[in-house]
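Inspection log for the structure reproduced underneath, given as structure tokens.
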Protein chains: 2
Amino acid sequence: MLLCDIGNTNIHFYKNGATWSKRASVKNISLVEESFYYISVSENLSKFLKNYELAKDLAPYIKIDTIYKNLGIDRVAACRAIENGVIVDAGSAITVDIVAGGIHLGGYIMPGLISLQDSFAKISKKLDMTLQPNVSLEALPQNTLEAISYGAIKPIILMIKESKKDKKIYFTGGDGKFFAKFFEDSVYDSTMVFRGMLKTIKERGLSL
Amino acid sequence: MLLCDIGNTNIHFYKNGATWSKRASVKNISLVEESFYYISVSENLSKFLKNYELAKDLAPYIKIDTIYKNLGIDRVAACRAIENGVIVDAGSAITVDIVAGGIHLGGYIMPGLISLQDSFAKISKKLDMTLQPNVSLEALPQNTLEAISYGAIKPIILMIKESKKDKKIYFTGGDGKFFAKFFEDSVYDSTMVFRGMLKTIKERGLSL
């Protein structure tokens, strides 16, 4: 069974445990030649898929107990994959959601690393540099590249630590592996969203 | 004596304790009709002022003991205004610098609030909102506006707290007043940079 998780930037595919990605475009989703379940946060692709025969929207079936209004369907799916803990999806945005006893307690959104890098470049030509992922977060920065790398990466880590406390933590998304290494006992799983989708399909007895 | 602090976005003026600001442009600096000392981080305006008779660059006279390479001259000036503590200059970028015994120990740069707001807007139309400055930083966000406001403001505050520890803290810049209110015993002073400039002028016995 083919699953698609359609983001603002990329389409992520899942089939029999394998995953792959393509840029989010109507063309790339049109190349799919078999029936699939999808979730989408892309307005553009959602509109297209409404009338695409092979595509079945899984969103109406994925539910989580929450008072959060308009929680992104990808975040709902990832949260459905666990019963307790913090889920960090680090992509073009970084979303952090907290789940306890299967209930979503709330969450927040930070700009992702690439987005922060672009912000610096827009502020000043002098800050237009590629962030240095291995910058020391212990020693105070002593030049511009260290200063923006530290100022981009460390706030995100402090926030996630503050949210984690003694909870279990799960990372997913393009930069999930990078952030996971700052947390002992963290789980990195690129398929969190798909696991939530599969759980829903199983629970509801859906088939294609 | 007229002083000018020229940033990437605005020119800040100081005379006899009064301050005012204008957008950074050659036109706005050309309107000045008296001699003035300036510092500038704007490449464009720096180039223009090199041949502007009324303007005297104070940068060659402002020095601080540091191993930081290419520390912005506005940051050097602000650091010169104190002997010990943390200086947060919250503008289009947020710079945080640490000074002990008159020595600059290092510092870092984060995107400012407007810059973060722009980042969200670029990531997705759904995140294109004006940040809510009075969002609760204690309760978990329960909608998109809360989620991005919390995700923009709280990381900055956690970072500054981590840098502050038991040190004295000084805020300056357009959003300095906003961030100062999260810290007990903080000092907000919109003239930090000018105080450093004046100190230098006095020490060096300069006049116009």
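Identifiers in the structure tokens: chain A, B, ... in order shown; residue index from 1 per chain; ligand index from 1 in order shown.
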
### Task
List the neighbours of A:Asp189 out to 9 Å using only C-alpha atoms; skip same-chain residues closer than 5 positions along the sequence, and give me the result as an NGL selection string.
:A and (170-173 or 176-177)

### Query
Which residues of chain A are close to chain B, meaning at most 6 Å apart when you count only C-alpha atoms, and how do they look as a ChimeraX atom specification?
/A:68-69,106-110,140-143,147-148,151,155,159

### Query
Looking at only C-alpha atoms, which of B:Tyr52, B:Tyr61, B:Phe194, B:Phe179 is the one that sits closest to B:Ser35?
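Of B:Tyr52, B:Tyr61, B:Phe194, B:Phe179, the one nearest B:Ser35, counting only C-alpha atoms, is B:Tyr52.
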
Would you return as a tab-separated table (two decimals) with N, CA and C atoms, in the first residue's frame the members of chain B that DSSP assigns to strand (DSSP E or B) on this structure's backbone?
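What landed in states.tsv:
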chain	number	residue	atom	x	y	z
B	2	LEU	N	26.33	66.27	17.71
B	2	LEU	CA	25.42	65.31	17.08
B	2	LEU	C	26.15	63.98	16.83
B	3	LEU	N	25.47	62.86	17.22
B	3	LEU	CA	26.02	61.52	16.98
B	3	LEU	C	25.03	60.72	16.12
B	4	CYS	N	25.57	59.86	15.24
B	4	CYS	CA	24.72	59.00	14.40
B	4	CYS	C	25.17	57.55	14.51
B	5	ASP	N	24.20	56.69	14.74
B	5	ASP	CA	24.44	55.24	14.74
B	5	ASP	C	23.67	54.69	13.55
B	6	ILE	N	24.40	54.27	12.53
B	6	ILE	CA	23.77	53.88	11.27
B	6	ILE	C	23.68	52.37	11.16
B	10	ASN	N	17.80	51.47	10.00
B	10	ASN	CA	17.55	52.84	10.46
B	10	ASN	C	18.84	53.58	10.81
B	11	ILE	N	18.74	54.92	10.75
B	11	ILE	CA	19.78	55.79	11.30
B	11	ILE	C	19.24	56.32	12.62
B	12	HIS	N	20.01	56.16	13.69
B	12	HIS	CA	19.62	56.69	14.99
B	12	HIS	C	20.48	57.92	15.28
B	13	PHE	N	19.82	58.99	15.71
B	13	PHE	CA	20.51	60.25	16.01
B	13	PHE	C	20.48	60.50	17.51
B	14	TYR	N	21.49	61.22	17.99
B	14	TYR	CA	21.58	61.58	19.41
B	14	TYR	C	22.15	62.98	19.53
B	15	LYS	N	21.47	63.82	20.30
B	15	LYS	CA	22.03	65.16	20.57
B	15	LYS	C	21.54	65.65	21.93
B	18	ALA	N	18.75	63.79	23.64
B	18	ALA	CA	17.57	63.46	22.83
B	18	ALA	C	17.95	62.48	21.73
B	19	THR	N	17.03	61.56	21.39
B	19	THR	CA	17.29	60.60	20.30
B	19	THR	C	16.13	60.62	19.32
B	20	TRP	N	16.42	60.37	18.06
B	20	TRP	CA	15.38	60.19	17.05
B	20	TRP	C	15.94	59.32	15.94
B	21	SER	N	15.05	58.78	15.12
B	21	SER	CA	15.47	57.82	14.09
B	21	SER	C	14.85	58.15	12.73
B	22	LYS	N	15.57	57.77	11.69
B	22	LYS	CA	15.04	57.84	10.32
B	22	LYS	C	15.46	56.58	9.58
B	23	ARG	N	14.76	56.27	8.51
B	23	ARG	CA	15.15	55.15	7.66
B	23	ARG	C	16.57	55.38	7.14
B	36	PHE	N	29.08	65.85	12.51
B	36	PHE	CA	28.66	64.78	13.42
B	36	PHE	C	29.66	63.63	13.41
B	37	TYR	N	29.72	62.92	14.55
B	37	TYR	CA	30.44	61.65	14.61
B	37	TYR	C	29.45	60.53	14.31
B	38	TYR	N	29.93	59.52	13.60
B	38	TYR	CA	29.04	58.40	13.30
B	38	TYR	C	29.79	57.08	13.43
B	39	ILE	N	28.99	56.02	13.61
B	39	ILE	CA	29.46	54.66	13.34
B	39	ILE	C	28.44	54.06	12.39
B	40	SER	N	28.86	53.13	11.57
B	40	SER	CA	27.95	52.59	10.56
B	40	SER	C	28.23	51.12	10.29
B	55	ALA	N	30.79	64.57	8.11
B	55	ALA	CA	30.76	63.29	8.85
B	55	ALA	C	32.15	62.85	9.29
B	56	LYS	N	32.28	62.48	10.56
B	56	LYS	CA	33.55	61.91	11.04
B	56	LYS	C	33.31	60.52	11.60
B	57	ASP	N	34.02	59.55	11.05
B	57	ASP	CA	33.85	58.16	11.47
B	57	ASP	C	34.52	57.95	12.83
B	65	ASP	N	38.71	45.11	24.16
B	65	ASP	CA	39.56	43.93	24.24
B	65	ASP	C	38.71	42.70	23.96
B	85	GLY	N	28.55	42.64	32.37
B	85	GLY	CA	27.16	42.29	32.14
B	85	GLY	C	26.89	41.77	30.75
B	86	VAL	N	25.60	41.59	30.47
B	86	VAL	CA	25.14	41.10	29.17
B	86	VAL	C	24.42	42.25	28.48
B	87	ILE	N	24.74	42.47	27.19
B	87	ILE	CA	24.04	43.49	26.41
B	87	ILE	C	23.25	42.83	25.30
B	88	VAL	N	21.94	43.10	25.29
B	88	VAL	CA	21.07	42.59	24.24
B	88	VAL	C	20.61	43.76	23.40
B	89	ASP	N	20.95	43.74	22.12
B	89	ASP	CA	20.49	44.78	21.20
B	89	ASP	C	19.48	44.13	20.26
B	90	ALA	N	18.19	44.41	20.53
B	90	ALA	CA	17.11	43.71	19.82
B	90	ALA	C	16.52	44.60	18.75
B	93	ALA	N	18.16	42.31	13.77
B	93	ALA	CA	18.79	41.12	14.35
B	93	ALA	C	18.87	41.36	15.86
B	94	ILE	N	19.00	40.28	16.62
B	94	ILE	CA	19.20	40.41	18.07
B	94	ILE	C	20.62	39.96	18.38
B	95	THR	N	21.45	40.90	18.84
B	95	THR	CA	22.81	40.52	19.22
B	95	THR	C	22.89	40.45	20.74
B	96	VAL	N	23.62	39.47	21.22
B	96	VAL	CA	23.82	39.28	22.66
B	96	VAL	C	25.32	39.22	22.89
B	97	ASP	N	25.85	40.13	23.73
B	97	ASP	CA	27.29	40.18	23.99
B	97	ASP	C	27.55	40.18	25.48
B	98	ILE	N	28.65	39.55	25.85
B	98	ILE	CA	28.98	39.42	27.27
B	98	ILE	C	30.30	40.14	27.56
B	99	VAL	N	30.24	41.00	28.58
B	99	VAL	CA	31.40	41.82	28.94
B	99	VAL	C	31.75	41.54	30.41
B	100	ALA	N	33.03	41.34	30.68
B	100	ALA	CA	33.47	41.15	32.07
B	100	ALA	C	34.76	41.93	32.28
B	103	ILE	N	36.24	43.58	29.31
B	103	ILE	CA	36.66	42.71	28.21
B	103	ILE	C	35.43	42.03	27.60
B	104	HIS	N	35.39	42.00	26.26
B	104	HIS	CA	34.30	41.33	25.54
B	104	HIS	C	34.62	39.84	25.46
B	105	LEU	N	33.72	39.00	26.02
B	105	LEU	CA	34.01	37.56	26.10
B	105	LEU	C	33.47	36.76	24.91
B	106	GLY	N	32.61	37.39	24.10
B	106	GLY	CA	32.00	36.70	22.97
B	106	GLY	C	30.54	37.08	22.87
B	107	GLY	N	29.88	36.58	21.83
B	107	GLY	CA	28.48	36.94	21.66
B	107	GLY	C	27.88	36.21	20.48
B	108	TYR	N	26.58	36.38	20.30
B	108	TYR	CA	25.91	35.67	19.21
B	108	TYR	C	24.77	36.51	18.63
B	109	ILE	N	24.20	36.00	17.54
B	109	ILE	CA	23.21	36.75	16.76
B	109	ILE	C	22.00	35.86	16.49
B	110	MET	N	20.83	36.39	16.76
B	110	MET	CA	19.58	35.68	16.41
B	110	MET	C	18.76	36.58	15.49
B	111	PRO	N	17.91	36.01	14.64
B	111	PRO	CA	17.01	36.87	13.86
B	111	PRO	C	16.04	37.59	14.80
B	169	ILE	N	21.96	42.70	33.32
B	169	ILE	CA	21.56	42.65	31.91
B	169	ILE	C	21.01	44.00	31.43
B	170	TYR	N	21.45	44.37	30.23
B	170	TYR	CA	21.09	45.67	29.62
B	170	TYR	C	20.43	45.40	28.28
B	171	PHE	N	19.30	46.05	28.04
B	171	PHE	CA	18.61	45.92	26.76
B	171	PHE	C	18.62	47.25	26.02
B	172	THR	N	18.79	47.15	24.70
B	172	THR	CA	18.67	48.33	23.85
B	172	THR	C	18.06	47.89	22.53
B	187	VAL	N	18.02	46.49	32.80
B	187	VAL	CA	18.09	47.91	32.45
B	187	VAL	C	17.72	48.03	30.98
B	188	TYR	N	16.75	48.91	30.67
B	188	TYR	CA	16.51	49.23	29.27
B	188	TYR	C	17.03	50.64	29.01

### Message
What's the separation between atom CA of A:Thr200 and atom CA of A:Ser30, in Å to one decimal place?
### Response
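Those two atoms sit 24.8 Å apart.
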
#### Entry: DSSP-assigned alpha helix (DSSP H) among chain B, expressed as a PyMOL selection string
chain B and resi 26-30+43-49+73-80+113-123+144-164+176-180+192-204

### Task
Pick out the closest residue to B:Glu203 from this set: B:Cys79, B:Ala180, B:Ile62, B:Ile73. Count only C-alpha atoms.
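Result for the nearest residue to B:Glu203: B:Ile62.
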
### Task
Grab the atom CA of B:Gln132 to atom CA of A:Lys165 distance for me, in Å with one decimal place.
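Distance reported for this atom pair: 25.9 Å.
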
### d(atom CA of A:Pro60, atom CA of A:Ala24) in Å
21.6 Å

### Non-local contacts of B:Val193 (7 Å; only C-alpha atoms; under 5 positions in same chain excluded) as a list of chain:residue names
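Counting only C-alpha atoms, the residues come to B:Asp74, B:Ala77, B:Ala78.
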
Keeping only C-alpha atoms, take the residues you just selected and write them out as a compact mmCIF listing (two decimals), in the first residue's frame.
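Generated file (selection-v7.txt):
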# COMPACT_ATOMS: atom_id res chain seq x y z
CA ASP B 74 27.62 49.12 17.01
CA ALA B 77 30.19 50.78 21.11
CA ALA B 78 27.39 49.29 23.23

#### Entry: A:Thr191, A:Ala81, A:Phe182, A:Gly17 ranked by distance to A:Leu137, top pick (using only C-alpha atoms)
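Smallest distance to A:Leu137 is found for A:Phe182.
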
### Query
Between B:Leu208, B:Val32, B:Lys164, B:Val26, which has the minimum distance to B:Lys47 (counting only C-alpha atoms)?
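With only C-alpha atoms as the atom set, the closest residue is B:Val26.
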